[in-house]
>>> print(open('structure.txt').read())   # compact mmCIF, C-alpha atoms and all ligand atoms
# COMPACT_ATOMS: atom_id res chain seq x y z
CA MET A 1 7.53 -3.83 6.11
CA ASN A 2 6.31 -2.19 2.91
CA ILE A 3 2.75 -2.95 1.94
CA VAL A 4 0.08 -2.25 -0.62
CA LEU A 5 -3.54 -1.97 0.50
CA PHE A 6 -6.18 -2.55 -2.14
CA GLY A 7 -9.85 -3.35 -2.42
CA PRO A 8 -13.05 -1.90 -3.81
CA PRO A 9 -14.05 1.69 -3.08
CA GLY A 10 -15.53 1.85 0.43
CA ALA A 11 -13.52 -1.14 1.68
CA GLY A 12 -11.82 0.98 4.37
CA LYS A 13 -8.27 1.22 3.03
CA GLY A 14 -7.90 4.87 4.00
CA THR A 15 -9.10 4.28 7.56
CA GLN A 16 -6.79 1.30 8.03
CA SER A 17 -3.85 3.22 6.53
CA ALA A 18 -4.42 5.98 9.06
CA LEU A 19 -4.28 3.41 11.89
CA LEU A 20 -1.02 1.94 10.57
CA VAL A 21 0.42 5.46 10.54
CA SER A 22 -0.66 6.31 14.09
CA GLN A 23 -0.05 2.88 15.69
CA LYS A 24 2.93 1.56 13.76
CA LYS A 25 4.55 4.80 12.64
CA MET A 26 4.33 3.76 9.03
CA HIS A 27 4.54 6.24 6.15
CA HIS A 28 1.36 6.60 4.16
CA ILE A 29 1.41 7.29 0.45
CA SER A 30 -1.98 7.74 -1.17
CA THR A 31 -2.38 8.94 -4.71
CA GLY A 32 -5.26 11.18 -3.61
CA ASP A 33 -2.96 12.98 -1.15
CA LEU A 34 -0.18 13.22 -3.75
CA PHE A 35 -2.53 14.78 -6.31
CA ARG A 36 -3.80 17.29 -3.74
CA SER A 37 -0.37 18.33 -2.49
CA HIS A 38 1.13 18.64 -5.99
CA ILE A 39 -1.86 20.69 -7.13
CA LYS A 40 -1.66 22.91 -4.04
CA SER A 41 2.03 23.66 -4.58
CA LYS A 42 1.53 23.99 -8.36
CA THR A 43 4.37 21.66 -9.34
CA PRO A 44 4.63 20.73 -13.05
CA LEU A 45 3.08 17.34 -12.21
CA GLY A 46 0.38 19.07 -10.17
CA LEU A 47 -0.55 21.31 -13.10
CA ARG A 48 -0.92 18.28 -15.34
CA ALA A 49 -2.90 16.38 -12.70
CA LYS A 50 -5.27 19.32 -12.28
CA GLU A 51 -6.12 19.32 -15.99
CA TYR A 52 -7.21 15.71 -15.79
CA LEU A 53 -9.12 16.06 -12.55
CA ASP A 54 -10.90 19.21 -13.74
CA SER A 55 -11.99 17.60 -16.97
CA GLY A 56 -12.96 14.32 -15.28
CA ARG A 57 -10.61 12.32 -17.47
CA LEU A 58 -8.66 9.35 -16.17
CA MET A 59 -5.26 10.30 -14.73
CA PRO A 60 -2.52 8.99 -17.04
CA ASP A 61 -0.26 6.40 -15.40
CA ASP A 62 2.92 8.39 -16.03
CA VAL A 63 1.70 11.30 -13.86
CA THR A 64 0.78 8.98 -11.01
CA LEU A 65 3.97 6.95 -11.35
CA SER A 66 6.21 10.02 -11.28
CA MET A 67 4.56 11.27 -8.11
CA VAL A 68 4.79 7.87 -6.40
CA LYS A 69 8.42 7.43 -7.40
CA GLU A 70 9.37 10.83 -6.03
CA ALA A 71 7.54 10.13 -2.75
CA LEU A 72 9.16 6.70 -2.37
CA ALA A 73 12.60 8.08 -3.11
CA MET A 74 12.18 10.66 -0.35
CA LEU A 75 11.22 8.03 2.20
CA HIS A 76 14.07 5.76 1.15
CA GLY A 77 13.12 2.49 2.52
CA GLU A 78 11.04 0.95 5.15
CA GLY A 79 7.54 1.06 6.54
CA VAL A 80 5.50 2.41 3.66
CA VAL A 81 1.77 1.87 3.14
CA LEU A 82 0.62 2.40 -0.42
CA ASP A 83 -3.12 3.12 -0.60
CA GLY A 84 -4.93 3.53 -3.90
CA PHE A 85 -1.83 2.56 -5.83
CA PRO A 86 -1.22 0.42 -7.83
CA ARG A 87 -4.74 0.47 -9.22
CA ASN A 88 -4.12 -1.84 -12.16
CA VAL A 89 -1.70 -4.57 -13.21
CA ALA A 90 0.28 -2.21 -15.46
CA GLN A 91 0.93 0.06 -12.47
CA ALA A 92 1.88 -2.93 -10.32
CA ASP A 93 4.47 -3.91 -12.93
CA ALA A 94 5.74 -0.34 -13.11
CA LEU A 95 6.01 -0.29 -9.31
CA GLU A 96 8.29 -3.35 -9.42
CA THR A 97 10.56 -1.56 -11.87
CA LEU A 98 10.66 1.85 -10.21
CA GLY A 99 10.92 0.12 -6.83
CA ARG A 100 14.23 -1.38 -7.91
CA GLU A 101 15.44 2.11 -8.83
CA VAL A 102 14.56 3.69 -5.48
CA GLY A 103 15.14 0.66 -3.23
CA PHE A 104 11.52 -0.14 -2.51
CA ASP A 105 10.03 -3.61 -2.31
CA VAL A 106 6.37 -4.60 -1.82
CA GLU A 107 6.41 -7.33 0.81
CA LYS A 108 2.66 -7.85 1.16
CA ALA A 109 -0.36 -6.77 -0.84
CA VAL A 110 -3.43 -6.82 1.37
CA PHE A 111 -6.83 -7.24 -0.21
CA PHE A 112 -9.85 -5.98 1.78
CA ASP A 113 -12.78 -8.27 1.22
CA VAL A 114 -16.19 -6.60 1.61
CA PRO A 115 -19.48 -7.69 -0.05
CA GLU A 116 -20.92 -5.32 -2.58
CA ALA A 117 -24.13 -4.61 -0.60
CA VAL A 118 -22.03 -3.45 2.36
CA LEU A 119 -19.90 -1.24 0.12
CA VAL A 120 -22.94 0.44 -1.35
CA GLY A 121 -24.23 1.22 2.17
CA ARG A 122 -20.89 2.68 3.20
CA LEU A 123 -20.34 4.74 0.08
CA SER A 124 -23.81 6.25 -0.02
CA GLY A 125 -23.38 8.04 3.33
CA ARG A 126 -19.92 9.41 2.70
CA TRP A 127 -18.72 12.94 3.34
CA THR A 128 -15.31 14.08 2.13
CA CYS A 129 -13.21 17.01 3.37
CA ARG A 130 -12.52 19.30 0.45
CA ASN A 131 -9.37 20.62 2.11
CA CYS A 132 -7.50 17.47 3.19
CA GLY A 133 -9.43 14.56 1.67
CA ALA A 134 -10.44 12.91 4.96
CA VAL A 135 -13.54 10.74 4.55
CA TYR A 136 -16.40 10.37 7.03
CA HIS A 137 -19.58 8.33 7.11
CA GLU A 138 -22.73 9.89 8.53
CA VAL A 139 -23.57 6.68 10.44
CA ASN A 140 -20.39 4.61 10.82
CA THR A 141 -17.63 7.18 11.29
CA PRO A 142 -18.99 10.72 11.71
CA PRO A 143 -16.54 13.52 12.57
CA LYS A 144 -16.30 14.33 16.30
CA VAL A 145 -17.97 17.70 15.74
CA ALA A 146 -20.77 17.59 13.16
CA GLY A 147 -19.72 19.22 9.90
CA VAL A 148 -16.09 19.83 10.99
CA CYS A 149 -13.12 17.80 9.75
CA ASP A 150 -11.27 16.03 12.61
CA ARG A 151 -7.97 16.14 10.77
CA CYS A 152 -7.73 19.75 9.57
CA GLN A 153 -10.71 21.51 11.27
CA SER A 154 -12.08 22.63 7.89
CA LYS A 155 -15.86 23.05 7.73
CA ASP A 156 -15.89 22.22 4.05
CA LEU A 157 -17.26 18.66 4.10
CA TYR A 158 -19.18 17.66 1.00
CA GLN A 159 -20.81 14.65 -0.63
CA ARG A 160 -19.04 13.73 -3.81
CA ALA A 161 -21.18 13.76 -6.93
CA ASP A 162 -19.98 10.24 -7.64
CA ASP A 163 -21.42 8.95 -4.35
CA SER A 164 -24.87 8.62 -5.97
CA LEU A 165 -26.14 5.04 -6.28
CA GLU A 166 -25.64 4.86 -10.02
CA SER A 167 -22.08 6.22 -9.83
CA ILE A 168 -21.29 3.86 -6.98
CA LYS A 169 -22.30 0.90 -9.11
CA THR A 170 -20.15 2.21 -11.95
CA ARG A 171 -17.14 2.67 -9.66
CA LEU A 172 -17.52 -0.87 -8.33
CA LYS A 173 -17.69 -2.19 -11.88
CA ILE A 174 -14.56 -0.26 -12.87
CA TYR A 175 -12.83 -1.64 -9.79
CA GLN A 176 -13.74 -5.21 -10.81
CA GLU A 177 -12.36 -4.66 -14.28
CA THR A 178 -9.17 -2.77 -13.48
CA THR A 179 -8.05 -3.28 -9.87
CA ALA A 180 -9.44 -6.70 -8.88
CA PRO A 181 -6.91 -8.50 -11.15
CA LEU A 182 -4.22 -7.40 -8.64
CA ARG A 183 -5.33 -10.35 -6.52
CA ASP A 184 -4.07 -12.81 -9.09
CA TYR A 185 -1.03 -10.67 -9.74
CA TYR A 186 0.17 -10.71 -6.13
CA GLN A 187 -1.06 -14.25 -5.51
CA ALA A 188 1.17 -15.48 -8.32
CA ARG A 189 4.11 -13.72 -6.64
CA GLY A 190 3.35 -15.19 -3.20
CA ARG A 191 2.64 -11.81 -1.65
CA LEU A 192 -1.14 -11.68 -1.40
CA ALA A 193 -2.90 -11.46 1.95
CA ALA A 194 -6.66 -11.11 2.38
CA VAL A 195 -8.49 -9.47 5.25
CA ASP A 196 -12.20 -9.60 6.00
CA GLY A 197 -13.08 -5.89 5.83
CA GLN A 198 -16.48 -6.17 7.53
CA GLY A 199 -17.27 -5.09 11.06
CA PRO A 200 -15.89 -2.40 13.38
CA THR A 201 -12.71 -0.58 12.35
CA GLU A 202 -10.75 -1.93 15.36
CA GLN A 203 -11.59 -5.53 14.50
CA VAL A 204 -10.54 -5.09 10.90
CA TYR A 205 -7.31 -3.49 12.13
CA ASP A 206 -6.60 -6.48 14.41
CA ARG A 207 -7.07 -8.84 11.48
CA LEU A 208 -4.82 -6.69 9.34
CA CYS A 209 -2.03 -6.71 11.94
CA ARG A 210 -2.34 -10.47 12.26
CA VAL A 211 -1.82 -11.12 8.56
CA LEU A 212 1.06 -8.66 8.47
CA TRP A 213 3.03 -9.49 11.60
CA GLU A 214 2.04 -12.83 13.00
CA LYS A 215 4.05 -15.80 11.87
CA LYS A 216 1.91 -18.66 10.66
ZN ZN B 1 -9.89 18.04 6.45
>>> encode(input="structure.txt", output="structure tokens", more="lines below")
Ligand SMILES: [Zn+2]
Amino acid sequence: MNIVLFGPPGAGKGTQSALLVSQKKMHHISTGDLFRSHIKSKTPLGLRAKEYLDSGRLMPDDVTLSMVKEALAMLHGEGVVLDGFPRNVAQADALETLGREVGFDVEKAVFFDVPEAVLVGRLSGRWTCRNCGAVYHEVNTPPKVAGVCDRCQSKDLYQRADDSLESIKTRLKIYQETTAPLRDYYQARGRLAAVDGQGPTEQVYDRLCRVLWEKK
């Protein structure tokens, strides 16, 4: 099963991806992780990505697409969770094309449905690990040891500048304009599934597994 997870920022895609990796042994591809690892190992794509991230400009699709294609080609095949990609209809189209080249097929695109007020609450208490990108919430999902990343033990947790209320509203608006149209895109192709993203992580995960693996 190859799937795409999408939804507004704060909908819990990253958390649910991590569960699919640990429980179902799926492979997780997130564009955030790809950017970080390419930048760390200073690949030609990483050097280009860094320029855009440093200057706060929008990452061009061709950089993202090249990284995703390379990652998919290495996994050749089954059990991939794409998280944060595609983020617009043009990327979804490109994924269909490059998927044919590397033998990758999106079977289900899962939309995480969470009301805006809930998203704002989640996003405003977020802490991100500067080293590995893990995300915590001071109330909902704090790290096991305060101030220390569970995943990589780094003590460099920070609140992103764009987690201010005004930036959160802007990010949600951008999501509505660019990523939300993926619902229609995958609906039209008979591959859309929706999951109620509210409530405890485990409950959301149960719902997710039901839409993915239970026959109707
Ligand atoms: Zn970390």
>>> closest_atom_pairs(input="structure.txt", of="chain A", to="ligand ZN 1 (chain B)", cutoff="7 Å", atoms="only C-alpha atoms and all ligand atoms", output="tab-separated table")
residue	atom	partner	partner_atom	distance
A:Cys129	CA	B:ZN1	ZN	4.6
A:Arg130	CA	B:ZN1	ZN	6.7
A:Asn131	CA	B:ZN1	ZN	5.1
A:Cys132	CA	B:ZN1	ZN	4.1
A:Gly133	CA	B:ZN1	ZN	5.9
A:Ala134	CA	B:ZN1	ZN	5.4
A:Cys149	CA	B:ZN1	ZN	4.6
A:Asp150	CA	B:ZN1	ZN	6.6
A:Arg151	CA	B:ZN1	ZN	5.1
A:Cys152	CA	B:ZN1	ZN	4.2
A:Gln153	CA	B:ZN1	ZN	6.0
A:Ser154	CA	B:ZN1	ZN	5.3
>>> write_last_selection(input="structure.txt", atoms="C-alpha atoms", output="CSV table (one decimal), in the coordinates of the input")
chain,number,residue,atom,x,y,z
A,129,CYS,CA,-13.2,17.0,3.4
A,130,ARG,CA,-12.5,19.3,0.4
A,131,ASN,CA,-9.4,20.6,2.1
A,132,CYS,CA,-7.5,17.5,3.2
A,133,GLY,CA,-9.4,14.6,1.7
A,134,ALA,CA,-10.4,12.9,5.0
A,149,CYS,CA,-13.1,17.8,9.8
A,150,ASP,CA,-11.3,16.0,12.6
A,151,ARG,CA,-8.0,16.1,10.8
A,152,CYS,CA,-7.7,19.8,9.6
A,153,GLN,CA,-10.7,21.5,11.3
A,154,SER,CA,-12.1,22.6,7.9
>>> residues_around(input="structure.txt", residues="region 206-209 of chain A", least_positions_apart="6", cutoff="12 Å", atoms="only C-alpha atoms", output="list in words")
Met1, Ile3, Val4, Leu5, Gly12, Lys13, Thr15, Gln16, Ser17, Leu19, Leu20, Gln23, Lys24, Lys108, Ala109, Val110, Phe111, Phe112, Asp113, Ala193, Ala194, Val195, Asp196, Gly197, Gln198, Gly199, Pro200 and Lys215 of chain A
>>> residues_around(input="structure.txt", residues="region 167-176 of chain A", least_positions_apart="4", cutoff="7 Å", atoms="only C-alpha atoms", output="ChimeraX atom specification")
/A:8-9,120,162-163,180
>>> residues_around(input="structure.txt", residues="region 135-137 of chain A", least_positions_apart="3", cutoff="8 Å", atoms="only C-alpha atoms", output="PyMOL selection string")
chain A and resi 122-123+125-129+140-143
>>> closest_residue(input="structure.txt", among="A:Val63, A:Asp184, A:Thr179, A:Lys144", to="Thr43 (chain A)", atoms="all atoms listed in the file")
A:Val63
>>> closest_residue(input="structure.txt", among="A:Leu47, A:Leu82, A:Ala73, A:Val118", to="Gly32 (chain A)", atoms="all atoms listed in the file")
A:Leu82
>>> closest_residue(input="structure.txt", among="A:Ile39, A:Leu157, A:Leu34, A:Leu58", to="Leu72 (chain A)", atoms="only C-alpha atoms")
A:Leu34
>>> atom_distance(input="structure.txt", atom1="CA of Gly79 (chain A)", atom2="CA of Ala11 (chain A)")
21.7 Å
>>> atom_distance(input="structure.txt", atom1="CA of Val106 (chain A)", atom2="CA of Asn2 (chain A)")
5.3 Å
>>> atom_distance(input="structure.txt", atom1="CA of Leu165 (chain A)", atom2="CA of Phe85 (chain A)")
24.4 Å
>>> build_atoms(input="structure.txt", residues="region 34-51 of chain A", atoms="N, CA and C atoms", output="tab-separated table (two decimals), in the coordinates of the input")
chain	number	residue	atom	x	y	z
A	34	LEU	N	-1.23	12.72	-2.85
A	34	LEU	CA	-0.18	13.22	-3.75
A	34	LEU	C	-0.76	14.22	-4.75
A	35	PHE	N	-1.90	13.86	-5.35
A	35	PHE	CA	-2.53	14.78	-6.31
A	35	PHE	C	-2.81	16.12	-5.63
A	36	ARG	N	-3.43	16.05	-4.44
A	36	ARG	CA	-3.80	17.29	-3.74
A	36	ARG	C	-2.57	18.14	-3.42
A	37	SER	N	-1.50	17.51	-2.92
A	37	SER	CA	-0.37	18.33	-2.49
A	37	SER	C	0.39	18.89	-3.71
A	38	HIS	N	0.49	18.11	-4.77
A	38	HIS	CA	1.13	18.64	-5.99
A	38	HIS	C	0.32	19.79	-6.59
A	39	ILE	N	-1.01	19.65	-6.55
A	39	ILE	CA	-1.86	20.69	-7.13
A	39	ILE	C	-1.76	21.96	-6.28
A	40	LYS	N	-1.75	21.77	-4.95
A	40	LYS	CA	-1.66	22.91	-4.04
A	40	LYS	C	-0.36	23.68	-4.26
A	41	SER	N	0.76	22.95	-4.42
A	41	SER	CA	2.03	23.66	-4.58
A	41	SER	C	2.37	23.90	-6.05
A	42	LYS	N	1.38	23.65	-6.94
A	42	LYS	CA	1.53	23.99	-8.36
A	42	LYS	C	2.82	23.48	-8.98
A	43	THR	N	3.21	22.27	-8.68
A	43	THR	CA	4.37	21.66	-9.34
A	43	THR	C	3.98	21.33	-10.78
A	44	PRO	N	4.96	21.10	-11.67
A	44	PRO	CA	4.63	20.73	-13.05
A	44	PRO	C	3.70	19.50	-13.10
A	45	LEU	N	3.96	18.52	-12.24
A	45	LEU	CA	3.08	17.34	-12.21
A	45	LEU	C	1.69	17.73	-11.70
A	46	GLY	N	1.66	18.63	-10.73
A	46	GLY	CA	0.38	19.07	-10.17
A	46	GLY	C	-0.47	19.78	-11.23
A	47	LEU	N	0.18	20.60	-12.06
A	47	LEU	CA	-0.55	21.31	-13.10
A	47	LEU	C	-1.15	20.34	-14.10
A	48	ARG	N	-0.38	19.29	-14.42
A	48	ARG	CA	-0.92	18.28	-15.34
A	48	ARG	C	-2.07	17.51	-14.68
A	49	ALA	N	-1.87	17.14	-13.42
A	49	ALA	CA	-2.90	16.38	-12.70
A	49	ALA	C	-4.21	17.18	-12.64
A	50	LYS	N	-4.09	18.48	-12.42
A	50	LYS	CA	-5.27	19.32	-12.28
A	50	LYS	C	-6.11	19.30	-13.56
A	51	GLU	N	-5.41	19.37	-14.70
A	51	GLU	CA	-6.12	19.32	-15.99
A	51	GLU	C	-7.01	18.09	-16.08
